[in-house]
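Enquirer: Okay, so here is protein12.cif, and as you'll see once you scroll down, it has mmCIF, C-alpha atoms.
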```cif
data_coords
#
loop_
_atom_site.label_atom_id
_atom_site.label_comp_id
_atom_site.auth_asym_id
_atom_site.auth_seq_id
_atom_site.Cartn_x
_atom_site.Cartn_y
_atom_site.Cartn_z
CA MET A 1 -116.12 -223.21 99.74
CA LEU A 2 -119.05 -225.03 101.32
CA SER A 3 -122.58 -224.81 99.96
CA ILE A 4 -125.54 -225.76 102.14
CA PRO A 5 -129.18 -225.74 101.02
CA LEU A 6 -131.08 -223.12 103.00
CA ALA A 7 -133.87 -225.63 103.53
CA GLU A 8 -131.49 -227.69 105.69
CA LEU A 9 -130.75 -224.79 108.05
CA PRO A 10 -132.88 -223.86 111.08
CA THR A 11 -135.16 -220.85 110.77
CA ASP A 12 -133.10 -218.98 113.37
CA PHE A 13 -129.82 -219.56 111.53
CA ARG A 14 -129.36 -215.88 110.69
CA ALA A 15 -129.62 -214.88 114.35
CA ARG A 16 -127.21 -217.65 115.40
CA ALA A 17 -124.74 -216.66 112.68
CA LEU A 18 -124.80 -213.02 113.68
CA ARG A 19 -124.39 -213.79 117.38
CA TRP A 20 -121.45 -216.10 116.55
CA ALA A 21 -119.93 -213.42 114.31
CA ALA A 22 -120.32 -210.59 116.82
CA GLN A 23 -117.75 -212.27 119.07
CA PHE A 24 -115.05 -211.21 116.59
CA PRO A 25 -113.53 -207.72 116.94
CA HIS A 26 -114.11 -207.20 113.22
CA CYS A 27 -117.57 -208.17 112.04
CA ALA A 28 -119.73 -206.88 109.19
CA TYR A 29 -123.20 -208.06 108.23
CA PHE A 30 -125.27 -206.71 105.34
CA GLU A 31 -129.01 -207.43 105.33
CA PRO A 32 -131.40 -206.81 102.38
CA ASN A 33 -134.51 -207.99 104.24
CA GLY A 34 -136.01 -209.38 101.04
CA GLN A 35 -136.93 -205.84 100.04
CA ALA A 36 -137.74 -205.08 96.43
CA TYR A 37 -135.69 -202.08 95.40
CA PRO A 38 -134.73 -200.51 92.06
CA GLU A 39 -131.34 -201.95 91.03
CA GLY A 40 -131.61 -204.42 93.91
CA PRO A 41 -130.74 -204.22 97.66
CA PHE A 42 -127.61 -205.29 99.55
CA ASP A 43 -126.32 -208.82 99.14
CA GLN A 44 -126.90 -210.82 102.31
CA LEU A 45 -123.30 -211.11 103.41
CA LEU A 46 -121.50 -211.74 106.70
CA GLY A 47 -117.76 -211.56 107.29
CA VAL A 48 -115.50 -211.77 110.34
CA ALA A 49 -111.83 -211.42 111.21
CA PRO A 50 -109.94 -211.80 114.49
CA ALA A 51 -107.60 -208.94 113.54
CA ALA A 52 -107.05 -206.34 110.86
CA PRO A 53 -103.37 -205.38 111.19
CA ASP A 54 -103.05 -203.86 107.73
CA ALA A 55 -106.37 -201.99 107.66
CA PRO A 56 -106.25 -198.84 105.51
CA ARG A 57 -107.04 -195.54 107.20
CA THR A 58 -107.00 -193.14 104.22
CA LEU A 59 -108.15 -193.21 100.61
CA ASP A 60 -104.55 -193.35 99.44
CA GLU A 61 -103.92 -196.37 101.67
CA LEU A 62 -107.17 -197.93 100.44
CA ARG A 63 -105.95 -197.62 96.83
CA GLN A 64 -102.79 -199.58 97.69
CA TRP A 65 -104.64 -202.11 99.85
CA LEU A 66 -107.56 -203.16 97.63
CA PRO A 67 -105.56 -204.80 94.78
CA ARG A 68 -103.98 -207.23 97.25
CA ALA A 69 -107.27 -209.19 97.23
CA GLN A 70 -106.42 -212.40 95.38
CA ASP A 71 -108.69 -214.86 97.17
CA GLY A 72 -112.09 -213.80 95.81
CA ALA A 73 -113.18 -212.44 99.20
CA PRO A 74 -114.98 -209.10 99.50
CA ARG A 75 -113.35 -206.29 101.43
CA LEU A 76 -115.71 -205.02 104.12
CA GLY A 77 -115.57 -201.54 105.54
CA PHE A 78 -116.94 -198.19 106.52
CA LEU A 79 -116.42 -194.52 105.77
CA THR A 80 -117.25 -191.92 108.40
CA TYR A 81 -118.56 -188.49 107.50
CA ASP A 82 -115.20 -187.04 108.55
CA LEU A 83 -113.58 -188.54 105.45
CA LYS A 84 -114.67 -185.23 103.91
CA ASN A 85 -111.62 -183.66 105.57
CA GLU A 86 -109.27 -185.78 103.46
CA ILE A 87 -111.18 -184.98 100.28
CA GLU A 88 -111.66 -181.23 100.83
CA ASP A 89 -110.00 -178.53 102.92
CA LEU A 90 -112.42 -179.01 105.81
CA HIS A 91 -112.27 -179.83 109.51
CA SER A 92 -114.36 -181.40 112.27
CA ASP A 93 -114.06 -179.79 115.69
CA ASN A 94 -117.39 -180.66 117.30
CA PRO A 95 -117.39 -183.12 120.22
CA SER A 96 -117.82 -186.86 119.75
CA GLY A 97 -118.69 -189.59 122.20
CA LEU A 98 -117.82 -192.31 119.66
CA ASP A 99 -114.43 -191.71 117.99
CA TRP A 100 -114.62 -194.09 115.04
CA PRO A 101 -111.55 -194.24 112.80
CA THR A 102 -112.16 -192.10 109.73
CA LEU A 103 -112.01 -195.05 107.33
CA HIS A 104 -111.62 -198.76 107.94
CA PHE A 105 -111.71 -201.91 105.79
CA PHE A 106 -110.84 -205.47 106.68
CA HIS A 107 -110.24 -208.77 104.93
CA PRO A 108 -112.65 -211.42 106.29
CA GLN A 109 -111.10 -214.63 107.53
CA THR A 110 -114.50 -216.33 107.09
CA TRP A 111 -117.42 -215.03 105.08
CA LEU A 112 -120.95 -216.23 104.41
CA LEU A 113 -122.99 -215.36 101.33
CA TRP A 114 -126.69 -216.13 101.13
CA ARG A 115 -127.92 -217.17 97.68
CA PRO A 116 -131.62 -217.67 96.77
CA ASP A 117 -131.54 -221.36 97.75
CA THR A 118 -128.15 -221.97 99.33
CA LEU A 119 -125.71 -220.62 101.88
CA GLU A 120 -122.06 -220.38 100.85
CA LEU A 121 -119.24 -220.52 103.41
CA HIS A 122 -115.90 -219.19 102.22
CA GLY A 123 -112.39 -218.75 103.57
CA HIS A 124 -111.62 -220.51 106.84
CA THR A 125 -114.60 -222.85 107.11
CA ASP A 126 -113.40 -225.68 109.38
CA GLY A 127 -115.89 -226.07 112.21
CA VAL A 128 -117.69 -222.82 111.37
CA LEU A 129 -121.09 -224.29 110.55
CA ALA A 130 -121.03 -226.44 113.68
CA ALA A 131 -120.01 -223.46 115.80
CA ILE A 132 -122.85 -221.35 114.42
CA LEU A 133 -125.43 -224.08 114.95
CA ALA A 134 -124.20 -224.56 118.51
CA THR A 135 -124.46 -220.84 119.30
CA GLU A 136 -127.10 -220.17 121.91
CA LEU A 137 -129.68 -217.41 121.54
CA PRO A 138 -130.24 -215.80 124.95
CA ASP A 139 -133.76 -214.66 125.72
CA TRP A 140 -133.02 -210.99 126.28
CA PRO A 141 -135.68 -208.79 127.85
CA ALA A 142 -136.81 -205.78 125.86
CA PRO A 143 -134.19 -203.03 126.20
CA ALA A 144 -135.01 -200.19 128.55
CA VAL A 145 -132.95 -197.12 127.79
CA PRO A 146 -133.12 -193.88 129.75
CA ALA A 147 -134.45 -190.86 127.94
CA PHE A 148 -132.20 -189.62 125.15
CA THR A 149 -130.69 -186.18 125.68
CA PRO A 150 -130.64 -183.84 122.67
CA ARG A 151 -127.17 -182.52 121.96
CA MET A 152 -129.00 -179.54 120.48
CA PRO A 153 -132.07 -178.50 122.51
CA LYS A 154 -135.22 -178.06 120.44
CA ALA A 155 -135.19 -174.27 120.79
CA ASP A 156 -131.62 -174.17 119.47
CA TYR A 157 -132.57 -176.44 116.58
CA LEU A 158 -135.47 -174.16 115.62
CA ARG A 159 -133.15 -171.15 115.72
CA ALA A 160 -130.61 -172.98 113.57
CA VAL A 161 -133.26 -173.71 110.95
CA GLU A 162 -134.14 -170.01 110.81
CA ALA A 163 -130.45 -169.13 110.50
CA VAL A 164 -130.05 -171.57 107.61
CA ARG A 165 -133.07 -170.04 105.89
CA GLU A 166 -131.31 -166.67 106.20
CA ASP A 167 -128.16 -168.18 104.69
CA ILE A 168 -130.24 -169.45 101.78
CA LEU A 169 -131.78 -166.02 101.29
CA ASN A 170 -128.26 -164.57 101.22
CA GLY A 171 -127.16 -167.04 98.54
CA GLU A 172 -124.81 -169.12 100.71
CA VAL A 173 -126.52 -172.44 99.86
CA TYR A 174 -129.66 -173.69 98.12
CA GLU A 175 -130.30 -176.47 100.63
CA LEU A 176 -128.63 -177.75 103.78
CA ASN A 177 -129.07 -181.04 105.59
CA LEU A 178 -129.17 -180.10 109.27
CA CYS A 179 -128.70 -183.00 111.67
CA GLN A 180 -128.88 -183.39 115.43
CA GLU A 181 -127.68 -186.01 117.89
CA PHE A 182 -129.63 -187.65 120.71
CA TYR A 183 -127.52 -189.61 123.19
CA ALA A 184 -127.66 -191.62 126.41
CA GLU A 185 -124.81 -192.53 128.74
CA GLY A 186 -124.14 -195.51 130.98
CA VAL A 187 -126.23 -197.79 128.76
CA GLN A 188 -125.83 -201.55 128.86
CA LEU A 189 -127.51 -203.48 126.06
CA ASP A 190 -126.82 -206.40 123.75
CA PRO A 191 -125.99 -205.07 120.26
CA VAL A 192 -127.09 -208.22 118.41
CA ASP A 193 -130.43 -208.34 120.21
CA VAL A 194 -131.11 -204.65 119.55
CA PHE A 195 -130.12 -204.94 115.90
CA LEU A 196 -132.48 -207.87 115.37
CA ARG A 197 -135.29 -205.95 117.08
CA LEU A 198 -134.58 -202.84 114.99
CA ASN A 199 -134.41 -204.89 111.82
CA ALA A 200 -137.77 -206.48 112.62
CA ALA A 201 -139.38 -203.15 113.48
CA SER A 202 -137.99 -201.32 110.45
CA PRO A 203 -136.89 -203.75 107.71
CA ALA A 204 -134.79 -201.93 105.14
CA PRO A 205 -132.91 -202.90 101.96
CA PHE A 206 -129.55 -201.54 103.13
CA ALA A 207 -129.50 -202.63 106.76
CA GLY A 208 -126.29 -203.66 108.44
CA PHE A 209 -124.49 -204.59 111.63
CA PHE A 210 -120.86 -203.55 112.02
CA ARG A 211 -118.46 -204.19 114.86
CA HIS A 212 -115.09 -202.46 114.94
CA GLU A 213 -113.45 -203.50 118.19
CA SER A 214 -115.35 -201.51 120.86
CA HIS A 215 -117.61 -199.73 118.35
CA PHE A 216 -120.96 -201.02 117.07
CA LEU A 217 -123.24 -199.75 114.32
CA LEU A 218 -126.84 -201.01 114.18
CA CYS A 219 -128.23 -199.76 110.89
CA ALA A 220 -131.70 -199.88 109.29
CA SER A 221 -130.96 -197.74 106.25
CA PRO A 222 -133.32 -197.45 103.28
CA GLU A 223 -130.79 -195.56 101.15
CA ARG A 224 -128.16 -196.63 98.63
CA PHE A 225 -125.12 -194.42 98.24
CA LEU A 226 -123.30 -196.17 95.40
CA ALA A 227 -123.39 -199.47 93.57
CA HIS A 228 -121.02 -200.47 90.79
CA SER A 229 -121.22 -203.42 88.44
CA ALA A 230 -119.01 -202.74 85.44
CA PRO A 231 -119.41 -200.49 83.67
CA VAL A 232 -122.49 -198.94 85.36
CA ILE A 233 -122.49 -197.01 88.62
CA VAL A 234 -125.74 -196.16 90.40
CA SER A 235 -126.60 -193.63 93.10
CA GLN A 236 -130.09 -193.31 94.61
CA PRO A 237 -130.50 -190.23 96.81
CA ILE A 238 -133.50 -190.03 99.12
CA LYS A 239 -135.04 -186.63 99.67
CA GLY A 240 -138.68 -186.43 100.70
CA THR A 241 -140.34 -188.13 103.66
CA ILE A 242 -143.91 -188.47 104.92
CA ARG A 243 -145.46 -190.83 107.47
CA ARG A 244 -147.46 -193.85 106.35
CA GLY A 245 -151.25 -193.71 106.68
CA SER A 246 -153.09 -195.88 109.19
CA THR A 247 -155.60 -197.11 106.56
CA PRO A 248 -155.16 -197.90 102.85
CA ALA A 249 -157.11 -194.79 101.91
CA GLU A 250 -155.07 -192.55 104.22
CA ASP A 251 -151.84 -194.20 103.04
CA GLU A 252 -152.67 -193.38 99.42
CA GLN A 253 -153.54 -189.85 100.45
CA GLN A 254 -150.14 -189.53 102.13
CA ARG A 255 -148.38 -190.92 99.07
CA LEU A 256 -150.07 -188.39 96.80
CA ALA A 257 -149.34 -185.59 99.25
CA LEU A 258 -145.61 -186.42 99.08
CA LEU A 259 -145.70 -186.78 95.29
CA HIS A 260 -147.17 -183.29 94.85
CA ASP A 261 -145.25 -181.53 97.64
CA GLU A 262 -143.34 -178.81 95.83
CA LYS A 263 -140.83 -178.34 98.65
CA GLU A 264 -139.96 -182.06 98.74
CA ARG A 265 -139.69 -182.24 94.96
CA ALA A 266 -137.41 -179.19 94.93
CA GLU A 267 -135.18 -180.78 97.61
CA ASN A 268 -134.98 -184.01 95.64
CA LEU A 269 -134.22 -182.28 92.35
CA MET A 270 -131.42 -180.17 93.83
CA ILE A 271 -129.68 -183.26 95.21
CA VAL A 272 -130.20 -185.18 91.95
CA ASP A 273 -128.42 -182.34 90.14
CA LEU A 274 -125.58 -182.50 92.69
CA VAL A 275 -125.25 -186.29 92.26
CA ARG A 276 -125.25 -185.92 88.47
CA ASN A 277 -122.41 -183.41 88.73
CA ASP A 278 -120.46 -185.62 91.15
CA LEU A 279 -120.75 -188.71 88.94
CA ALA A 280 -119.83 -186.72 85.84
CA ARG A 281 -116.35 -186.25 87.34
CA VAL A 282 -115.62 -189.98 86.96
CA ALA A 283 -118.05 -190.97 84.18
CA ARG A 284 -117.65 -191.40 80.45
CA THR A 285 -118.88 -188.26 78.72
CA GLY A 286 -122.58 -188.31 77.99
CA THR A 287 -123.43 -191.36 80.09
CA VAL A 288 -124.93 -189.71 83.19
CA GLN A 289 -128.68 -190.35 83.19
CA VAL A 290 -131.67 -190.11 85.54
CA PRO A 291 -133.83 -193.17 84.76
CA GLU A 292 -136.21 -192.41 87.65
CA LEU A 293 -137.04 -189.03 89.18
CA PHE A 294 -139.31 -188.65 92.24
CA GLY A 295 -139.98 -192.38 92.68
CA LEU A 296 -142.15 -193.11 95.73
CA TYR A 297 -141.40 -196.18 97.84
CA PRO A 298 -143.14 -197.44 101.00
CA PHE A 299 -141.29 -198.49 104.13
CA ARG A 300 -142.68 -199.62 107.49
CA HIS A 301 -143.17 -196.14 108.93
CA VAL A 302 -142.65 -193.71 106.04
CA TRP A 303 -142.98 -193.05 102.34
CA GLN A 304 -139.70 -191.95 100.74
CA MET A 305 -139.06 -190.03 97.54
CA ILE A 306 -136.13 -191.72 95.77
CA SER A 307 -134.46 -190.82 92.49
CA THR A 308 -131.98 -192.95 90.53
CA VAL A 309 -128.88 -191.58 88.81
CA THR A 310 -126.69 -193.83 86.64
CA ALA A 311 -123.47 -193.46 84.67
CA GLU A 312 -120.69 -195.49 83.07
CA LEU A 313 -117.30 -195.15 84.73
CA ARG A 314 -114.31 -194.12 82.68
CA PRO A 315 -111.67 -196.82 82.19
CA GLY A 316 -109.10 -196.87 84.98
CA VAL A 317 -111.36 -195.26 87.59
CA ASP A 318 -111.24 -197.15 90.90
CA LEU A 319 -113.19 -197.01 94.17
CA PRO A 320 -111.01 -194.31 95.81
CA ASP A 321 -111.45 -192.15 92.67
CA VAL A 322 -115.23 -192.53 92.90
CA LEU A 323 -115.24 -191.70 96.61
CA ARG A 324 -113.16 -188.58 96.06
CA ALA A 325 -115.70 -187.44 93.47
CA THR A 326 -118.89 -188.28 95.36
CA PHE A 327 -118.34 -188.45 99.13
CA PRO A 328 -120.08 -187.38 101.30
CA MET A 329 -123.37 -188.13 99.59
CA GLY A 330 -125.28 -185.01 98.60
CA SER A 331 -128.44 -186.16 100.34
CA MET A 332 -126.64 -185.70 103.68
CA THR A 333 -124.93 -182.37 102.94
CA GLY A 334 -126.94 -180.05 100.72
CA ALA A 335 -125.89 -177.90 97.81
CA PRO A 336 -123.45 -176.55 96.90
CA LYS A 337 -121.67 -179.28 98.78
CA ILE A 338 -118.52 -177.62 100.13
CA ARG A 339 -120.28 -174.53 101.48
CA ALA A 340 -123.01 -176.74 102.92
CA MET A 341 -120.41 -178.81 104.79
CA GLN A 342 -118.81 -175.65 106.19
CA LEU A 343 -122.18 -174.46 107.50
CA ILE A 344 -122.99 -177.92 108.86
CA GLU A 345 -119.85 -177.73 111.00
CA HIS A 346 -120.97 -174.28 112.19
CA TYR A 347 -124.56 -175.12 113.11
CA GLU A 348 -124.36 -178.71 114.32
CA THR A 349 -123.17 -179.42 117.85
CA ALA A 350 -121.85 -183.00 117.54
CA ARG A 351 -119.52 -184.80 115.20
CA ARG A 352 -121.49 -187.14 112.95
CA GLY A 353 -119.10 -190.08 113.11
CA LEU A 354 -120.44 -192.97 111.08
CA TYR A 355 -123.85 -191.30 110.77
CA SER A 356 -124.20 -189.97 107.20
CA GLY A 357 -121.15 -192.00 106.31
CA SER A 358 -121.37 -195.43 104.71
CA ILE A 359 -120.83 -199.15 105.20
CA GLY A 360 -120.29 -201.50 102.30
CA TYR A 361 -118.22 -204.07 100.50
CA ALA A 362 -115.91 -204.18 97.48
CA TRP A 363 -115.30 -207.30 95.37
CA PRO A 364 -111.97 -208.14 93.70
CA ASP A 365 -113.48 -207.61 90.22
CA GLY A 366 -114.14 -203.93 91.02
CA ALA A 367 -117.82 -204.24 91.87
CA PHE A 368 -118.89 -202.51 95.08
CA GLU A 369 -121.96 -201.55 97.10
CA PHE A 370 -122.32 -198.87 99.79
CA ASN A 371 -125.27 -197.51 101.74
CA VAL A 372 -126.01 -194.23 103.47
CA VAL A 373 -125.81 -194.65 107.24
CA ILE A 374 -129.11 -193.26 108.50
CA ARG A 375 -131.82 -194.67 110.82
CA SER A 376 -128.99 -196.10 112.90
CA LEU A 377 -127.66 -196.52 116.42
CA GLN A 378 -124.00 -196.08 117.30
CA TYR A 379 -122.89 -197.75 120.52
CA ARG A 380 -119.80 -198.26 122.64
CA PRO A 381 -120.31 -200.93 125.32
CA ASP A 382 -116.95 -200.06 126.88
CA THR A 383 -118.19 -196.56 127.77
CA GLY A 384 -121.95 -197.10 127.68
CA TYR A 385 -122.39 -194.30 125.14
CA LEU A 386 -125.42 -194.79 122.86
CA SER A 387 -126.28 -192.34 120.10
CA PHE A 388 -128.53 -191.78 117.15
CA GLN A 389 -128.73 -188.85 114.79
CA VAL A 390 -131.46 -187.60 112.50
CA GLY A 391 -131.74 -184.73 110.08
CA SER A 392 -133.79 -183.04 107.44
CA ALA A 393 -133.13 -180.92 104.40
CA ILE A 394 -133.60 -177.22 105.03
CA THR A 395 -134.72 -174.98 102.17
CA TYR A 396 -136.04 -171.43 102.27
CA ASP A 397 -139.59 -172.84 102.39
CA SER A 398 -138.84 -174.91 105.50
CA ASN A 399 -141.00 -174.60 108.59
CA PRO A 400 -138.82 -175.16 111.68
CA GLU A 401 -141.46 -177.03 113.67
CA ARG A 402 -142.23 -179.27 110.70
CA GLU A 403 -138.54 -180.03 110.20
CA TYR A 404 -138.19 -180.98 113.87
CA ALA A 405 -141.23 -183.25 113.59
CA GLU A 406 -139.68 -184.93 110.53
CA CYS A 407 -136.54 -185.65 112.55
CA LEU A 408 -138.56 -187.39 115.26
CA LEU A 409 -140.54 -189.33 112.64
CA LYS A 410 -137.28 -190.74 111.30
CA ALA A 411 -136.30 -191.75 114.85
CA ARG A 412 -139.61 -193.48 115.58
CA ALA A 413 -138.45 -197.07 115.02
CA ILE A 414 -135.32 -196.58 117.12
CA LEU A 415 -137.21 -195.05 120.03
CA ASP A 416 -139.92 -197.73 119.88
CA VAL A 417 -137.37 -200.55 119.90
CA LEU A 418 -135.52 -199.09 122.87
CA GLY A 419 -138.66 -198.13 124.78
CA ALA A 420 -137.16 -194.66 124.97
CA VAL A 421 -138.26 -191.06 124.69
CA VAL A 422 -136.49 -187.82 123.91
CA ALA A 423 -135.98 -185.63 126.95
CA GLU A 424 -137.53 -182.20 126.69
#
```
Take the structure in the file and give it back as structure tokens.

Expert:
Amino acid sequence: MLSIPLAELPTDFRARALRWAAQFPHCAYFEPNGQAYPEGPFDQLLGVAPAAPDAPRTLDELRQWLPRAQDGAPRLGFLTYDLKNEIEDLHSDNPSGLDWPTLHFFHPQTWLLWRPDTLELHGHTDGVLAAILATELPDWPAPAVPAFTPRMPKADYLRAVEAVREDILNGEVYELNLCQEFYAEGVQLDPVDVFLRLNAASPAPFAGFFRHESHFLLCASPERFLAHSAPVIVSQPIKGTIRRGSTPAEDEQQRLALLHDEKERAENLMIVDLVRNDLARVARTGTVQVPELFGLYPFRHVWQMISTVTAELRPGVDLPDVLRATFPMGSMTGAPKIRAMQLIEHYETARRGLYSGSIGYAWPDGAFEFNVVIRSLQYRPDTGYLSFQVGSAITYDSNPEREYAECLLKARAILDVLGAVVAE
């Protein structure tokens, strides 16, 4: 292990490190952006590997694979939304322009960990620092992406919201997270450049950059899925969104409007109850708690309503056990979860892929950290397919036009960074 004082590194070291790392077919970078967050944000962590021949593809394989870690390195990986099909008797038949593997983890050959005052280099370190410092930073022009095409035209989305409201009235679900894809084809862009622009435009505590061979994820997520530091596990669902005000007075008015919005509070509470029930399946009896309900947190473009649920894991429970009990996260499905996922497959017109899945890392001591993949771009340079998805929680009180506007609000940073619009 090498330790270098951060003060001795150039101010653009992060950008050089990421551009160096993105050359590898397996690359994962987790960025906390210095954001204050209850229970803390991501570690700032970067790992690369030239190959991942033994990568697990199922939860059962992951259980066998994780204990092999004997070198102190984190295991870096992602879970797509379609992992639900392994956990429950479900299916995914909608089209996809991305085709991520359902689950993938890799062992980094080299990994970098940022501490408050130092940078640590681990694993294969020979020549790494010199290679990063020698990496050039091209002066890319601002990306110019053609208009994004909605996979679900607005009129169809509005009709779907009304149909979900009817399902709620009929007792099928209490709440359903309805998502839609916007895509562009034949796009050529530099993933590192776009990630850095997105990260600057919308700094978030659970941001990340992931390369899996010909697949890239550029993520500016504000939401934690799960964090575990023995014996406590934490989940922090987000439900409730409103735009920031343009003045301090208007911003405070917006914050109070979100705080007292009965629909948003009801959405949040329903998902908190779902998360409590999920965690109870792997927790010691009596340890599930809600230390914060309806917390309001400001981000660059929006206020978010965030609640915190904690528990103590039972002895012998491992990461695959926790994922079987909690995945997908309730904030991206609705409640009750299984029926909500069945209806999601019915109403949505695209496979979610890594959207509403998770990226994260697991340490050899059993600690782990995973986000919720939202506010993200998925990209395949080999095909030129570029996609983002957005969604909102539908309850019986939902107004279809308002829900559509909330989707576009969540996409604002992505569209601004790409200089793009949504085609009508």

Enquirer: On this structure, the PyMOL selection byres ((chain A and resi 301-308) around 10) would catch which residues? List them as number ranges by chain, sorted by chain and number.

Expert: A: 38-39, 201-203, 222-224, 234-246, 251, 254-255, 258-259, 264-265, 268-269, 271-272, 275-276, 289-300, 309-310, 409-410, 412-413

Enquirer: Decode the PyMOL selection byres ((chain A and resi 326) around 9) for the given file into explicit residues and return them as a list in words.

Expert: Val275, Asn277, Asp278, Leu279, Arg281, Asp321, Val322, Leu323, Arg324, Ala325, Phe327, Pro328, Met329 and Gly330 of chain A

Enquirer: Which one of A:Ile233, A:Val372, A:Leu9, A:Ala220 sits closest to Ser331 in chain A if you count all atoms listed in the file?

Expert: A:Val372

Enquirer: Around all the atoms of range 38-57 of chain A listed in the file, draw an axis-aligned box and extend it by 4 Å on each of the six sides; I want its centre and edge lengths in Å to one decimal, as JSON.

Expert:
```
{"center_x": -118.9, "center_y": -203.7, "center_z": 102.8, "size_x": 39.7, "size_y": 24.3, "size_z": 31.5}
```

Enquirer: Between A:Ala7, A:Ala411, A:Thr102, A:Ala200, single out the one closest to Leu59 in chain A, counting all atoms listed in the file.

Expert: A:Thr102
